[in-house]
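Let me begin by presenting the structure, written as structure tokens, before commenting on it.
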Amino acid sequence: MFRKCLIPVLLTFVLLAVVTGVAYAAPPNGVDHLRGRWDGAFNGLFGEDVSFRLLLDESRPDPNDPQAALYNGCMALQPEGQYAPVSARVVMLGNEQYDFTLFGTVGGAVIKLTGLIEARAPSVQDDSAGGAWQTSNEAADWSANHHDRRNPQCPEVRLGDDLYFQASVNAVVGIQPDEFRDEGNIIEGFSNIVSSGLQASLPDGSTVTVPFYTDLFSPNVNFVDIFRFLEGYPGLPAAGEVYTFTLLDVFGQPIPGATATDVWYACSMDAPRNVAATVDADGIHVVWDAAPSAPGFDPPNFIGFYQIELYPDGGGGFGFGSNGILSPAHLIPFDSFGGGAPGTPDGYDFGASLAEFDNGVYFFDVISFSEGFGAGSVGLECQIRAYEEQVRFEKSGGTVTLLP
């Protein structure tokens with residue numbers, strides 16, 4: 001169900017400087033042979049040959065490889081494209097030759113460059129680079145020449161049509177049978193800007209760094225077109241306070257301009273109640289009492305939604321899920337739906353069908369999700385479930401049996 005991922009290397013090297021805390025040395029003899037401006041061209045990008053300008057800025061040795069270095073910087077299509085951050089890694093091959101890998105964003109698409117740089121010291125403008133570029137659905141060649149070694153100043157990111165960053169904080173509530181509430185919060189962000197993490201500045205003045213994340217409900221988050229960051233924390237968010245989010249570069253430093261804010265107000269709605277299920281040849285038919293409308297929650301009018309999460313009993317990740325459900329009813333299908341398809345009667349299904357499950361015992365929750373409301377509130381606001389409403393069942397061959 002996942003498209004081919006272009007960047008397992010990125011998920012490794014973007015975090016090296018952040019994790020190790022190594023004291024980095026300056027380039028040999030104080031000269032960085034790759035730093036500065038590079039002018040080049042992508043062959044066949046978006047159906048035509050396109051010029052670009054690459055600015056390689058700060059470099060630090062790769063703490064895991066004495067022959068390699070990491071770079072940050074920025075890149076823009078020419079003549080008037082917007083500069084976006086890049087993360088790069090070079091490996092010294094000898095004789096002023098370097099193996100080169102770079103990730104950046106051009107025209108709203110994340111792009112990977114691989115190839116060879118030849119730095120013909122002491123001259124600069126005869127330095128050359130070239131190789132292959134690849135996006136999620138295209139690939140061809142690129143080439144570039146070194147313009148100068150001056151320390152570049154990448155402009156602040158301008159969020160807009162080509163570059164986006166969305167982040168929010170939302171509450172997570174689980175209601176126990178005695179009505180005691182387990183309360184937590186999730187910080188989550190999405191972007192097409194190449195980045196190593198998300199830094200959240202909390203209302204109490206502290207900061208946290210939110211790592212990469214994906215799950216059954218985000219098969220399009222392949223770290224090619226979209227980067228997703230998510231982490232859970234104890235306690236409800238601070239009501240009425242501003243949370244500020246900033247993307248981090250390859251060295252774990254804030255990317256200027258790549259910021260977003262959210263204000264959280266309340267978990268205003270109830271969990272789905274009186275969840276019931278029946279089984280027939282089509283699958284498990286689930287129904288529940290619609291939760292009353294509340295601020296940020298009115299699914300019949302496309303504000304908020306219900307979600308189903310199905311797990312193996314005893315632990316493990318999602319087996320099946322459906323989100324965006326607007327009606328207080330849903331079918332967990334028996335037959336395969338290809339890993340992702342519109343649900344019945346609405347919503348969208350992800351994961352495996354009942355026919356594809358291993359034999360065993362499973363359970364599912366039905367959850368209410370509200371959207372942000374009030375001044376400055378964006379994204380999701382709250383998710384809430386009642387644990388006593390969980391439904392358990394056993395799968396054995398072609399038979400599904402509901403359990404008490």
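Chain lettering (A, B, ...) mirrors the order of the structure tokens, residue numbering begins at 1 for each chain separately, and ligand numbering begins at 1 in order of display.
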For Ser293 (chain A), list every protein, DNA or RNA residue within 9 Å, evaluated using only C-alpha atoms, and leave out those in the same chain fewer than 6 positions away; present the list as a ChimeraX atom specification.
-> /A:269-270,299
Just write the chosen residues, N, CA, C and O atoms, as a short mmCIF file (atom, residue, chain, number, x, y, z; two decimals), in the first residue's frame.
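Output (out22.cif):
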data_model
loop_
_atom_site.label_atom_id
_atom_site.label_comp_id
_atom_site.auth_asym_id
_atom_site.auth_seq_id
_atom_site.Cartn_x
_atom_site.Cartn_y
_atom_site.Cartn_z
N MET A 269 -16.86 17.34 23.05
CA MET A 269 -17.89 16.38 22.67
C MET A 269 -17.74 15.09 23.47
O MET A 269 -16.78 14.90 24.22
N ASP A 270 -18.68 14.18 23.31
CA ASP A 270 -18.67 12.89 23.99
C ASP A 270 -18.15 11.82 23.04
O ASP A 270 -18.06 12.02 21.82
N PRO A 299 -20.59 15.89 12.67
CA PRO A 299 -20.28 15.12 11.47
C PRO A 299 -21.32 15.19 10.36
O PRO A 299 -20.92 15.25 9.18
#
Write out as a ChimeraX atom specification all residues of region 96-338 of chain A that backbone DSSP assigns to strand (DSSP E or B).
-> /A:97-106,109-118,128-134,139-148,165-175,181-191,197-201,207-210,212,227-234,242-248,254-263,273-280,283-289,294,297-298,303,305-312,320-325,329-333
Output of the above residues as a compact mmCIF listing (two decimals), in the first residue's frame, restricted to C-alpha atoms:
# COMPACT_ATOMS: atom_id res chain seq x y z
CA GLN A 97 35.98 13.98 -6.09
CA TYR A 98 32.89 13.57 -3.90
CA ASP A 99 29.91 11.26 -3.95
CA PHE A 100 26.87 13.54 -3.48
CA THR A 101 23.31 12.99 -2.18
CA LEU A 102 20.84 15.83 -1.64
CA PHE A 103 17.18 16.19 -0.71
CA GLY A 104 15.21 19.38 -1.31
CA THR A 105 11.85 20.73 -2.45
CA VAL A 106 11.29 22.28 -5.90
CA ALA A 109 7.79 18.36 -4.96
CA VAL A 110 10.44 16.72 -2.81
CA ILE A 111 13.43 15.83 -5.01
CA LYS A 112 16.47 13.62 -4.51
CA LEU A 113 19.78 14.32 -6.28
CA THR A 114 22.61 11.80 -6.47
CA GLY A 115 25.85 12.06 -8.40
CA LEU A 116 29.49 13.12 -8.46
CA ILE A 117 31.11 16.47 -7.64
CA GLU A 118 34.56 17.23 -9.07
CA SER A 128 31.35 20.52 -11.84
CA ALA A 129 28.64 18.23 -10.55
CA GLY A 130 26.09 15.96 -12.13
CA GLY A 131 24.08 12.79 -11.80
CA ALA A 132 20.45 11.70 -11.50
CA TRP A 133 17.42 13.37 -9.93
CA GLN A 134 14.25 11.65 -8.78
CA ALA A 139 13.48 10.78 -12.86
CA ALA A 140 16.17 12.11 -15.20
CA ASP A 141 19.61 13.79 -15.15
CA TRP A 142 21.00 17.00 -13.66
CA SER A 143 24.25 18.97 -13.94
CA ALA A 144 25.74 22.05 -12.25
CA ASN A 145 28.82 24.25 -12.06
CA HIS A 146 30.31 26.05 -9.06
CA HIS A 147 29.82 29.82 -9.22
CA ASP A 148 31.62 30.93 -6.04
CA PHE A 165 3.76 23.42 6.96
CA GLN A 166 0.73 22.57 9.09
CA ALA A 167 0.96 21.68 12.78
CA SER A 168 -1.40 21.45 15.74
CA VAL A 169 -1.88 20.11 19.25
CA ASN A 170 -4.94 18.04 20.10
CA ALA A 171 -6.31 16.25 23.14
CA VAL A 172 -6.53 12.46 23.50
CA VAL A 173 -9.14 11.23 25.98
CA GLY A 174 -10.03 7.67 26.97
CA ILE A 175 -13.04 7.17 29.23
CA ARG A 181 -10.61 9.91 31.99
CA ASP A 182 -7.15 9.07 30.74
CA GLU A 183 -5.94 12.38 29.31
CA GLY A 184 -3.05 13.17 27.01
CA ASN A 185 -2.17 15.30 24.01
CA ILE A 186 -0.65 14.80 20.59
CA ILE A 187 1.55 17.25 18.70
CA GLU A 188 1.46 16.62 14.97
CA GLY A 189 2.76 18.31 11.83
CA PHE A 190 2.82 17.84 8.05
CA SER A 191 5.12 19.50 5.49
CA GLY A 197 12.12 17.15 13.05
CA LEU A 198 9.51 19.49 14.46
CA GLN A 199 10.24 21.66 17.49
CA ALA A 200 7.25 22.68 19.60
CA SER A 201 7.46 25.63 21.97
CA THR A 207 10.32 22.90 24.08
CA VAL A 208 10.02 19.37 22.73
CA THR A 209 11.27 17.82 19.50
CA VAL A 210 8.70 15.74 17.63
CA PHE A 212 9.07 11.38 12.11
CA PHE A 227 6.84 14.62 5.93
CA ARG A 228 4.81 13.82 9.05
CA PHE A 229 5.85 14.33 12.67
CA LEU A 230 3.88 13.11 15.68
CA GLU A 231 4.39 12.38 19.37
CA GLY A 232 2.10 11.92 22.36
CA TYR A 233 2.52 13.57 25.77
CA PRO A 234 0.73 13.30 29.14
CA VAL A 242 -0.44 29.54 21.91
CA TYR A 243 1.69 26.58 20.82
CA THR A 244 4.42 27.46 18.29
CA PHE A 245 5.90 24.88 15.93
CA THR A 246 9.11 25.14 13.89
CA LEU A 247 10.70 22.72 11.43
CA LEU A 248 14.35 21.75 12.04
CA PRO A 254 15.19 25.95 13.40
CA ILE A 255 14.47 26.70 9.73
CA PRO A 256 13.69 30.45 9.57
CA GLY A 257 10.14 31.06 8.37
CA ALA A 258 9.02 27.42 8.70
CA THR A 259 6.73 28.10 11.65
CA ALA A 260 3.08 27.49 12.53
CA THR A 261 0.89 28.11 15.58
CA ASP A 262 -2.20 26.60 17.20
CA VAL A 263 -4.45 27.44 20.14
CA ARG A 273 -21.95 5.25 23.00
CA ASN A 274 -23.92 1.99 22.75
CA VAL A 275 -21.60 0.56 20.11
CA ALA A 276 -23.08 -2.66 18.74
CA ALA A 277 -22.14 -5.08 15.99
CA THR A 278 -23.63 -7.84 13.86
CA VAL A 279 -21.90 -10.20 11.41
CA ASP A 280 -22.95 -11.43 7.97
CA GLY A 283 -18.42 -8.32 7.30
CA ILE A 284 -19.03 -6.67 10.67
CA HIS A 285 -21.80 -4.08 10.67
CA VAL A 286 -21.10 -1.55 13.43
CA VAL A 287 -23.66 0.97 14.74
CA TRP A 288 -23.58 3.44 17.63
CA ASP A 289 -25.49 6.34 19.13
CA ALA A 294 -20.61 20.30 20.06
CA PHE A 297 -18.01 18.43 16.15
CA ASP A 298 -21.04 17.99 13.87
CA ILE A 303 -17.43 19.17 10.97
CA PHE A 305 -15.82 12.77 12.14
CA TYR A 306 -15.81 9.27 13.64
CA GLN A 307 -12.91 6.83 13.33
CA ILE A 308 -12.63 3.06 13.81
CA GLU A 309 -9.35 1.52 14.97
CA LEU A 310 -9.02 -2.28 15.00
CA TYR A 311 -6.15 -4.10 16.75
CA PRO A 312 -5.07 -7.67 17.48
CA PHE A 320 -7.93 -2.13 9.98
CA GLY A 321 -9.00 1.48 10.30
CA SER A 322 -11.51 3.86 8.84
CA ASN A 323 -11.62 7.63 9.27
CA GLY A 324 -13.70 10.53 8.00
CA ILE A 325 -16.87 8.62 8.98
CA ALA A 329 -22.67 3.24 11.26
CA HIS A 330 -19.91 1.50 9.33
CA LEU A 331 -19.04 -1.81 7.69
CA ILE A 332 -15.75 -3.54 8.49
CA PRO A 333 -15.56 -5.48 5.21
Which residues, written as a PyMOL selection string, have at least one atom at most 7 Å from Leu354 (chain A), with only C-alpha atoms counted and residues fewer than 2 positions away on the same chain left out?
-> chain A and resi 333-335+352+356-357
Generate a file of the selected residues that holds C-alpha atoms, formatted as an mmCIF file, in the first residue's frame.
data_model
loop_
_atom_site.group_PDB
_atom_site.id
_atom_site.type_symbol
_atom_site.label_atom_id
_atom_site.label_comp_id
_atom_site.auth_asym_id
_atom_site.auth_seq_id
_atom_site.Cartn_x
_atom_site.Cartn_y
_atom_site.Cartn_z
ATOM 1 C CA PRO A 333 -15.562 -5.483 5.208
ATOM 2 C CA PHE A 334 -14.850 -9.167 4.875
ATOM 3 C CA ASP A 335 -13.594 -8.988 1.280
ATOM 4 C CA ALA A 352 -6.547 -5.299 5.701
ATOM 5 C CA GLU A 356 -6.925 -11.150 5.196
ATOM 6 C CA PHE A 357 -6.584 -11.318 8.995
#
Selection near region 78-90 of chain A, 8 Å with only C-alpha atoms, sequence-local residues under 3 positions removed, as number ranges by chain | A: 13-14, 50-53, 68-75, 98-107, 154-155, 157-158, 163, 193-195, 249-250, 255
Kindly give the distance, in Å, that separates CA of Gly319 (chain A) and CA of Phe393 (chain A), rounded to a single decimal.
->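 Computing it gives 13.1 Å between the two atoms.
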Point-to-point distance from CA of Gly240 (chain A) to CA of Ser370 (chain A), Å rounded to tenths |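 Going from CA of Gly240 (chain A) over to CA of Ser370 (chain A) covers 16.4 Å.
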Tell me which protein, DNA and RNA residues are within 10 Å of Glu179 (chain A), counting only C-alpha atoms, leaving out same-chain ones fewer than 5 positions away, and put them as a ChimeraX atom specification.
-> /A:174,386-388
Those selected residues, please, written with all heavy atoms and delivered as an mmCIF file, in the first residue's frame.
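After the write, again_23.cif holds the following:
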data_model
loop_
_atom_site.group_PDB
_atom_site.id
_atom_site.type_symbol
_atom_site.label_atom_id
_atom_site.label_comp_id
_atom_site.auth_asym_id
_atom_site.auth_seq_id
_atom_site.Cartn_x
_atom_site.Cartn_y
_atom_site.Cartn_z
ATOM 1 N N GLY A 174 -9.452 9.003 26.879
ATOM 2 C CA GLY A 174 -10.031 7.667 26.973
ATOM 3 C C GLY A 174 -10.866 7.569 28.239
ATOM 4 O O GLY A 174 -10.362 7.831 29.332
ATOM 5 N N ALA A 386 -14.622 5.644 24.509
ATOM 6 C CA ALA A 386 -15.044 5.009 25.764
ATOM 7 C C ALA A 386 -14.614 3.551 25.718
ATOM 8 O O ALA A 386 -15.060 2.788 24.852
ATOM 9 C CB ALA A 386 -16.550 5.131 25.958
ATOM 10 N N TYR A 387 -13.736 3.149 26.644
ATOM 11 C CA TYR A 387 -13.166 1.799 26.591
ATOM 12 C C TYR A 387 -14.213 0.710 26.788
ATOM 13 O O TYR A 387 -14.079 -0.396 26.261
ATOM 14 C CB TYR A 387 -12.063 1.660 27.637
ATOM 15 C CG TYR A 387 -10.843 2.502 27.344
ATOM 16 C CD1 TYR A 387 -10.434 3.499 28.223
ATOM 17 C CD2 TYR A 387 -10.100 2.317 26.183
ATOM 18 C CE1 TYR A 387 -9.315 4.284 27.954
ATOM 19 C CE2 TYR A 387 -8.989 3.090 25.906
ATOM 20 C CZ TYR A 387 -8.598 4.073 26.795
ATOM 21 O OH TYR A 387 -7.502 4.852 26.527
ATOM 22 N N GLU A 388 -15.272 1.007 27.535
ATOM 23 C CA GLU A 388 -16.295 -0.009 27.745
ATOM 24 C C GLU A 388 -17.102 -0.289 26.478
ATOM 25 O O GLU A 388 -17.865 -1.260 26.424
ATOM 26 C CB GLU A 388 -17.234 0.415 28.867
ATOM 27 C CG GLU A 388 -18.070 1.630 28.556
ATOM 28 C CD GLU A 388 -18.975 2.009 29.712
ATOM 29 O OE1 GLU A 388 -18.881 1.376 30.786
ATOM 30 O OE2 GLU A 388 -19.767 2.938 29.539
#
